[in-house]
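Worksheet: the structure to be examined is printed underneath.
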Protein chains: 2
Amino acid sequence: MDINHQMVLAARPEGDVKDTDFTLTTAEIPEPGEGQVVVKVDLISIDPAMRSWMNPGASYVPPVDLGAVMRAGGIGTVIASRHPGYAVGDELYGAFGVQEYALSDGTGLHKIDTSIAPKTTYLGALGITGLTAYFGLFDVARIQQGDTVVVSGAGGAVGSMVGQIAKITGCRAIGIAGGPEKCRTLVETIGFDAAIDYKNDDVRKALREYAPGGVDVYFDNVGGPILDAVLTRLARGARVVISGAMSQYNDQRPMGPANYMSLLVNRASMTGMVVFDYEDRYPEATRQLAQWLAEAKLTSAEHVVEGSLGDFPSLLRGMFTGANTGKLILQL
Amino acid sequence: MDINHQMVLAARPEGDVKDTDFTLTTAEIPEPGEGQVVVKVDLISIDPAMRSWMNPGASYVPPVDLGAVMRAGGIGTVIASRHPGYAVGDELYGAFGVQEYALSDGTGLHKIDTSIAPKTTYLGALGITGLTAYFGLFDVARIQQGDTVVVSGAGGAVGSMVGQIAKITGCRAIGIAGGPEKCRTLVETIGFDAAIDYKNDDVRKALREYAPGGVDVYFDNVGGPILDAVLTRLARGARVVISGAMSQYNDQRPMGPANYMSLLVNRASMTGMVVFDYEDRYPEATRQLAQWLAEAKLTSAEHVVEGSLGDFPSLLRGMFTGANTGKLILQL
């Protein structure tokens, strides 16, 4: 049991992620040096953005190096510490990677409080997921009561939070997702006002029906033809938040939004966001999100899969066919 | 001499404007009704956006109807008035259209003061041209001293104003234009710090050289491959102003900016603007622009062509091959 399994990036995929893009390797469990902690990883966050980290070329974070442990956020428990801020048994959020044990000098670690919410929720509503929705809506899109808010990838982790926070704020929330079952979940379980099944519906036509006054805020997780469709239905002064471009990560030649001149016609803006920029305000946001959870205004949709590191490639691949609803988490 | 020649839209062009897209027709010179004025048109403003008004489908203004007088801004002199606000001899800016005499109920008319600047300048620095640059830079892009400002269509009317206002504000100004001669004019006459010849230079490479710290503000008049090139060189927090998309107006299938995810990587925004939204602040801006003109900090680059209405189609077509430097004006 003193072996650390690690999922290492073996190749830069073209198109869909393949099992052979990763190699499962073993290493010794590290010992903490002065100022370091060793964490046993309990939960691994699986995110669409991981696919973009596998591509060459700098994005908002550098690409994962070939031969390096695949980058991932996660929740773990301290098993050895020579860091004054952390003791054995502390439960932490951090960028632990796709491995069983991680060494850390404390950078980017956040203690979690499981008396407020279960561990998994610190990857969902109280984690990067919830924070992305929170800052994207309030800071970038500046949502206000009465706005019509549309989100793509609405069945995903961030999307389902966007819909709920929009509703809490008095907005109309319309989700775009793939498949009738997922769309039913959006409306009946998550609380969206309407859902559009992009696999079977005409998105422009559906928006004309569900958002007859136009789209005030579009929170985009997917890019591609869905972004282009929503651009045709913007309201005057609309704010488009670019949070991801899931439909494009597998593509060598990404597609630009041909209808971007709708920004001029509608005096609208399109703004890119990266949640890490708001790190100094995580406590404020987390407090608010935890309060909504406590008041049962918000639920943290989590899709927890028990398994081992070997399940990682297929779980990541499955995100791009929409296999998950809510935050996808690998529980080791 | 009581005949009003009019240039009427005869067909919606596909691709480049043809002479046959217009018909030169005649009508009687109108008589003013109660509350109306009749204006003899002296100057007609020729703008790239005119091409977009000829396309079907609503943009920020409705398309010009087939059979209607082509829309145009212009400067004219009141020759008959039954409007209490205007007297015979008053010189006015208005949307008079491509015709020799226009009837108006006063909507959108602005008196001009030729003791401050010549008539033509009210289509240039003190007209929509200067106002577009002013509000685009100060209100949309929020330029600040030290910013690196890039503008496309830099040899055009708005572009040359953008460069000068950026310089006045203490920014570094880089212009993108077509051809070595135009680029030389940008630097030597208009005062840009650097100019990039998109017909002969690699725009990305040139931006790496001239804007090594990245582009803080990009004022886009052209769209297409140039927009895509500039997106690859944005600085953190960059602001892209979408003022036009000249390279796209002739196209049936416009091209979207494939590199738009640079907005996310750089936490940047892309915002559409229409100068008409700032009409209540025109006086403030015009005062400032006039002061800069008086102080010789600003020059109004004007390209005045003496001619008749029949010259209009070829002048409009010539804009898209970059025939003009500065504001193109047809003087009747």
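Residue numbering restarts at 1 in every chain; chains get A, B, ... in the order shown in the structure tokens, and ligands count up from 1 in that same order.
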
Counting only C-alpha atoms, which residues of chain A come no farther than 10 Å from chain B, as a short mmCIF file (atom, residue, chain, number, x, y, z; two decimals) with all heavy atoms, in the first residue's frame?
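Written file, result-v3.cif:
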data_model
loop_
_atom_site.label_atom_id
_atom_site.label_comp_id
_atom_site.auth_asym_id
_atom_site.auth_seq_id
_atom_site.Cartn_x
_atom_site.Cartn_y
_atom_site.Cartn_z
N ALA A 58 -0.16 27.57 -25.04
CA ALA A 58 -0.63 28.16 -23.79
C ALA A 58 -2.10 28.55 -23.90
O ALA A 58 -2.54 29.07 -24.92
CB ALA A 58 0.20 29.37 -23.44
N SER A 59 -2.85 28.27 -22.88
CA SER A 59 -4.20 28.81 -22.75
C SER A 59 -4.18 29.65 -21.48
O SER A 59 -3.18 30.31 -21.19
CB SER A 59 -5.19 27.65 -22.69
OG SER A 59 -6.49 28.14 -22.45
N TYR A 60 -5.25 29.65 -20.70
CA TYR A 60 -5.22 30.43 -19.45
C TYR A 60 -4.35 29.74 -18.41
O TYR A 60 -3.99 30.32 -17.41
CB TYR A 60 -6.64 30.67 -18.91
CG TYR A 60 -7.39 29.41 -18.53
CD1 TYR A 60 -7.47 29.01 -17.21
CD2 TYR A 60 -8.01 28.64 -19.50
CE1 TYR A 60 -8.15 27.86 -16.86
CE2 TYR A 60 -8.70 27.50 -19.16
CZ TYR A 60 -8.77 27.11 -17.85
OH TYR A 60 -9.45 25.97 -17.51
N VAL A 61 -4.02 28.48 -18.66
CA VAL A 61 -2.99 27.76 -17.88
C VAL A 61 -2.08 27.11 -18.92
O VAL A 61 -2.49 26.86 -20.04
CB VAL A 61 -3.59 26.70 -16.95
CG1 VAL A 61 -4.30 27.34 -15.78
CG2 VAL A 61 -4.53 25.76 -17.70
N VAL A 140 -19.23 39.29 -14.19
CA VAL A 140 -19.03 39.47 -15.63
C VAL A 140 -20.35 39.87 -16.29
O VAL A 140 -20.42 40.86 -17.00
CB VAL A 140 -18.42 38.21 -16.28
CG1 VAL A 140 -18.13 38.47 -17.76
CG2 VAL A 140 -17.14 37.80 -15.56
N GLY A 223 -19.40 26.99 -27.03
CA GLY A 223 -18.95 27.55 -28.31
C GLY A 223 -19.66 26.90 -29.49
O GLY A 223 -20.73 26.29 -29.35
N GLY A 224 -19.06 27.03 -30.67
CA GLY A 224 -19.56 26.36 -31.87
C GLY A 224 -20.94 26.83 -32.31
O GLY A 224 -21.32 27.98 -32.10
N ASP A 228 -23.29 30.44 -31.92
CA ASP A 228 -23.75 31.19 -33.09
C ASP A 228 -25.28 31.35 -33.10
O ASP A 228 -25.79 32.39 -33.49
CB ASP A 228 -23.29 30.50 -34.37
CG ASP A 228 -22.31 31.37 -35.14
OD1 ASP A 228 -22.32 32.60 -34.91
OD2 ASP A 228 -21.54 30.83 -35.94
N GLY A 237 -28.04 45.32 -25.50
CA GLY A 237 -27.20 45.40 -24.30
C GLY A 237 -26.87 44.07 -23.66
O GLY A 237 -26.49 44.01 -22.49
N ALA A 238 -26.99 42.99 -24.43
CA ALA A 238 -26.75 41.65 -23.87
C ALA A 238 -25.30 41.46 -23.46
O ALA A 238 -24.40 42.09 -24.01
CB ALA A 238 -27.15 40.59 -24.89
N ARG A 239 -25.10 40.59 -22.48
CA ARG A 239 -23.75 40.23 -22.04
C ARG A 239 -23.54 38.74 -22.27
O ARG A 239 -24.29 37.91 -21.73
CB ARG A 239 -23.57 40.55 -20.55
CG ARG A 239 -23.53 42.03 -20.25
CD ARG A 239 -24.93 42.62 -20.06
NE ARG A 239 -25.56 42.20 -18.82
CZ ARG A 239 -26.86 42.25 -18.56
NH1 ARG A 239 -27.72 42.71 -19.48
NH2 ARG A 239 -27.33 41.84 -17.41
N VAL A 240 -22.53 38.42 -23.06
CA VAL A 240 -22.17 37.02 -23.31
C VAL A 240 -20.93 36.72 -22.48
O VAL A 240 -19.92 37.43 -22.59
CB VAL A 240 -21.89 36.78 -24.81
CG1 VAL A 240 -21.44 35.35 -25.05
CG2 VAL A 240 -23.12 37.13 -25.65
N VAL A 241 -21.02 35.70 -21.65
CA VAL A 241 -19.88 35.28 -20.83
C VAL A 241 -19.25 34.05 -21.48
O VAL A 241 -19.93 33.05 -21.71
CB VAL A 241 -20.33 34.91 -19.40
CG1 VAL A 241 -19.13 34.48 -18.56
CG2 VAL A 241 -21.07 36.06 -18.76
N ILE A 242 -17.97 34.15 -21.81
CA ILE A 242 -17.27 33.00 -22.38
C ILE A 242 -16.54 32.29 -21.24
O ILE A 242 -15.51 32.75 -20.76
CB ILE A 242 -16.27 33.45 -23.47
CG1 ILE A 242 -16.97 34.24 -24.57
CG2 ILE A 242 -15.53 32.23 -24.05
CD1 ILE A 242 -17.97 33.45 -25.39
N SER A 243 -17.13 31.18 -20.82
CA SER A 243 -16.57 30.42 -19.70
C SER A 243 -15.87 29.16 -20.19
O SER A 243 -15.00 28.61 -19.53
CB SER A 243 -17.70 30.06 -18.74
OG SER A 243 -17.26 29.20 -17.74
N GLY A 244 -16.24 28.70 -21.36
CA GLY A 244 -15.63 27.51 -21.94
C GLY A 244 -16.07 27.36 -23.37
O GLY A 244 -16.87 28.15 -23.87
N ALA A 245 -15.51 26.35 -24.04
CA ALA A 245 -15.86 26.11 -25.45
C ALA A 245 -15.76 24.61 -25.71
O ALA A 245 -15.06 24.15 -26.59
CB ALA A 245 -14.95 26.89 -26.37
N GLN A 248 -15.39 22.76 -28.87
CA GLN A 248 -14.24 23.09 -29.70
C GLN A 248 -12.93 22.45 -29.24
O GLN A 248 -11.95 22.43 -29.98
CB GLN A 248 -14.05 24.62 -29.72
CG GLN A 248 -15.27 25.38 -30.18
CD GLN A 248 -15.60 25.11 -31.62
OE1 GLN A 248 -14.81 25.37 -32.52
NE2 GLN A 248 -16.78 24.52 -31.87
N ARG A 253 -9.16 22.79 -35.70
CA ARG A 253 -9.46 24.08 -36.34
C ARG A 253 -10.75 24.62 -35.75
O ARG A 253 -11.82 24.35 -36.28
CB ARG A 253 -9.60 23.92 -37.85
CG ARG A 253 -8.30 23.48 -38.54
CD ARG A 253 -8.47 23.38 -40.05
NE ARG A 253 -8.78 24.70 -40.62
CZ ARG A 253 -7.86 25.62 -40.89
NH1 ARG A 253 -6.60 25.38 -40.66
NH2 ARG A 253 -8.21 26.77 -41.40
N PRO A 254 -10.64 25.37 -34.66
CA PRO A 254 -11.86 25.82 -34.01
C PRO A 254 -12.67 26.75 -34.91
O PRO A 254 -12.14 27.39 -35.81
CB PRO A 254 -11.35 26.56 -32.77
CG PRO A 254 -9.93 26.90 -33.09
CD PRO A 254 -9.42 25.85 -34.01
N MET A 255 -13.95 26.78 -34.62
CA MET A 255 -14.90 27.56 -35.42
C MET A 255 -15.21 28.85 -34.67
O MET A 255 -15.50 28.84 -33.49
CB MET A 255 -16.16 26.70 -35.55
CG MET A 255 -17.39 27.43 -36.05
SD MET A 255 -18.89 26.40 -35.81
CE MET A 255 -20.13 27.71 -36.01
N GLY A 256 -15.13 29.96 -35.37
CA GLY A 256 -15.45 31.24 -34.75
C GLY A 256 -16.94 31.54 -34.89
O GLY A 256 -17.61 30.99 -35.77
N PRO A 257 -17.45 32.39 -34.02
CA PRO A 257 -18.88 32.73 -34.10
C PRO A 257 -19.16 33.67 -35.28
O PRO A 257 -18.93 34.87 -35.19
CB PRO A 257 -19.14 33.42 -32.76
CG PRO A 257 -17.81 33.93 -32.31
CD PRO A 257 -16.77 33.03 -32.88
N ALA A 258 -19.67 33.10 -36.37
CA ALA A 258 -19.90 33.87 -37.59
C ALA A 258 -20.87 35.02 -37.35
O ALA A 258 -20.84 36.03 -38.05
CB ALA A 258 -20.43 32.96 -38.69
N ASN A 259 -21.73 34.88 -36.35
CA ASN A 259 -22.75 35.91 -36.08
C ASN A 259 -22.29 36.95 -35.05
O ASN A 259 -23.11 37.58 -34.40
CB ASN A 259 -24.04 35.24 -35.62
CG ASN A 259 -24.61 34.34 -36.69
OD1 ASN A 259 -24.52 34.63 -37.88
ND2 ASN A 259 -25.16 33.20 -36.28
N TYR A 260 -20.96 37.12 -34.93
CA TYR A 260 -20.47 38.02 -33.87
C TYR A 260 -20.90 39.46 -34.10
O TYR A 260 -20.89 40.25 -33.17
CB TYR A 260 -18.94 37.91 -33.75
CG TYR A 260 -18.19 38.73 -34.77
CD1 TYR A 260 -17.60 39.95 -34.42
CD2 TYR A 260 -18.09 38.32 -36.08
CE1 TYR A 260 -16.94 40.71 -35.36
CE2 TYR A 260 -17.42 39.07 -37.03
CZ TYR A 260 -16.85 40.27 -36.66
OH TYR A 260 -16.21 41.04 -37.60
N MET A 261 -21.27 39.82 -35.34
CA MET A 261 -21.69 41.21 -35.57
C MET A 261 -23.01 41.52 -34.87
O MET A 261 -23.40 42.69 -34.78
CB MET A 261 -21.77 41.52 -37.06
CG MET A 261 -20.41 41.80 -37.69
SD MET A 261 -19.56 43.25 -36.96
CE MET A 261 -20.42 44.58 -37.83
N SER A 262 -23.66 40.51 -34.37
CA SER A 262 -24.81 40.74 -33.50
C SER A 262 -24.40 41.57 -32.27
O SER A 262 -25.22 42.25 -31.67
CB SER A 262 -25.41 39.40 -33.07
OG SER A 262 -26.38 39.60 -32.09
N LEU A 263 -23.13 41.49 -31.90
CA LEU A 263 -22.63 42.31 -30.79
C LEU A 263 -22.80 43.79 -31.12
O LEU A 263 -23.16 44.59 -30.25
CB LEU A 263 -21.15 42.01 -30.50
CG LEU A 263 -20.80 40.59 -30.06
CD1 LEU A 263 -19.29 40.46 -29.88
CD2 LEU A 263 -21.52 40.23 -28.75
N LEU A 264 -22.53 44.15 -32.37
CA LEU A 264 -22.69 45.55 -32.78
C LEU A 264 -24.17 45.90 -32.88
O LEU A 264 -24.64 46.88 -32.29
CB LEU A 264 -21.97 45.79 -34.11
CG LEU A 264 -21.99 47.24 -34.62
CD1 LEU A 264 -20.70 47.55 -35.39
CD2 LEU A 264 -23.17 47.50 -35.54
N VAL A 265 -24.91 45.07 -33.59
CA VAL A 265 -26.33 45.36 -33.80
C VAL A 265 -27.03 45.57 -32.46
O VAL A 265 -27.86 46.46 -32.32
CB VAL A 265 -26.99 44.21 -34.58
CG1 VAL A 265 -28.50 44.41 -34.67
CG2 VAL A 265 -26.37 44.10 -35.98
N ASN A 266 -26.66 44.75 -31.46
CA ASN A 266 -27.34 44.79 -30.17
C ASN A 266 -26.55 45.49 -29.07
O ASN A 266 -26.93 45.42 -27.91
CB ASN A 266 -27.70 43.37 -29.74
CG ASN A 266 -28.68 42.75 -30.71
OD1 ASN A 266 -29.80 43.24 -30.85
ND2 ASN A 266 -28.26 41.71 -31.41
N ARG A 267 -25.45 46.15 -29.46
CA ARG A 267 -24.65 46.86 -28.45
C ARG A 267 -24.35 45.91 -27.30
O ARG A 267 -24.56 46.21 -26.12
CB ARG A 267 -25.40 48.05 -27.88
CG ARG A 267 -25.61 49.19 -28.84
CD ARG A 267 -26.64 48.95 -29.90
NE ARG A 267 -27.06 50.23 -30.45
CZ ARG A 267 -27.76 50.38 -31.54
NH1 ARG A 267 -28.14 49.33 -32.26
NH2 ARG A 267 -28.10 51.57 -31.94
N ALA A 268 -23.90 44.72 -27.67
CA ALA A 268 -23.68 43.67 -26.69
C ALA A 268 -22.19 43.44 -26.50
O ALA A 268 -21.38 43.90 -27.28
CB ALA A 268 -24.37 42.40 -27.15
N SER A 269 -21.86 42.70 -25.45
CA SER A 269 -20.47 42.40 -25.18
C SER A 269 -20.27 40.91 -25.00
O SER A 269 -21.20 40.19 -24.63
CB SER A 269 -19.99 43.13 -23.92
OG SER A 269 -20.69 42.64 -22.80
N MET A 270 -19.06 40.47 -25.26
CA MET A 270 -18.67 39.08 -25.09
C MET A 270 -17.37 39.12 -24.29
O MET A 270 -16.40 39.73 -24.74
CB MET A 270 -18.44 38.47 -26.48
CG MET A 270 -18.20 37.00 -26.50
SD MET A 270 -17.75 36.42 -28.17
CE MET A 270 -19.36 36.27 -28.90
N THR A 271 -17.40 38.52 -23.12
CA THR A 271 -16.26 38.67 -22.21
C THR A 271 -15.79 37.31 -21.71
O THR A 271 -16.61 36.49 -21.30
CB THR A 271 -16.66 39.56 -21.01
OG1 THR A 271 -17.21 40.78 -21.50
CG2 THR A 271 -15.47 39.86 -20.13
N GLY A 272 -14.50 37.11 -21.76
CA GLY A 272 -13.93 35.86 -21.27
C GLY A 272 -13.66 35.92 -19.78
O GLY A 272 -13.33 36.98 -19.24
N MET A 273 -13.86 34.80 -19.10
CA MET A 273 -13.60 34.79 -17.66
C MET A 273 -12.82 33.54 -17.25
O MET A 273 -12.96 32.48 -17.86
CB MET A 273 -14.89 34.84 -16.87
CG MET A 273 -15.63 33.53 -16.81
SD MET A 273 -16.87 33.47 -15.47
CE MET A 273 -15.86 33.46 -13.98
N VAL A 274 -12.02 33.71 -16.22
CA VAL A 274 -11.31 32.60 -15.60
C VAL A 274 -11.51 32.77 -14.10
O VAL A 274 -11.19 33.82 -13.54
CB VAL A 274 -9.81 32.62 -15.96
CG1 VAL A 274 -9.07 31.54 -15.20
CG2 VAL A 274 -9.62 32.45 -17.47
N ASP A 277 -9.16 34.30 -11.20
CA ASP A 277 -8.93 35.73 -11.00
C ASP A 277 -9.67 36.27 -9.77
O ASP A 277 -9.38 37.37 -9.30
CB ASP A 277 -9.42 36.54 -12.22
CG ASP A 277 -8.62 36.22 -13.47
OD1 ASP A 277 -7.56 35.59 -13.34
OD2 ASP A 277 -9.07 36.60 -14.57
#

Please provide the set of residues having any atom within 12 Å of Glu14 in chain A, restricted to only C-alpha atoms, with same-chain residues fewer than 3 positions apart removed, written as JSON, numbers by chain.
{"A": [11, 17, 18, 20, 21, 51, 52, 54, 55, 56, 248, 249, 250, 251, 252, 253]}

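Coordinates place CA of Thr321 in chain A at a distance of 22.7 Å from CA of Ala10 in chain A.
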
Neighbours of Gln6 in chain B within 10 Å (only C-alpha atoms; same-chain residues fewer than 6 positions away dropped), as number ranges by chain? B: 22-27, 68-70, 97-102, 309-310

Requested in this report: Choose the residue, out of A:Asp47, A:Asp147, A:Glu302, A:Asp201, that has the smallest atom-to-atom separation from Ser160 in chain A; count only C-alpha atoms.
Outcome: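 Of the candidates, the smallest distance to Ser160 in chain A is held by A:Glu302.
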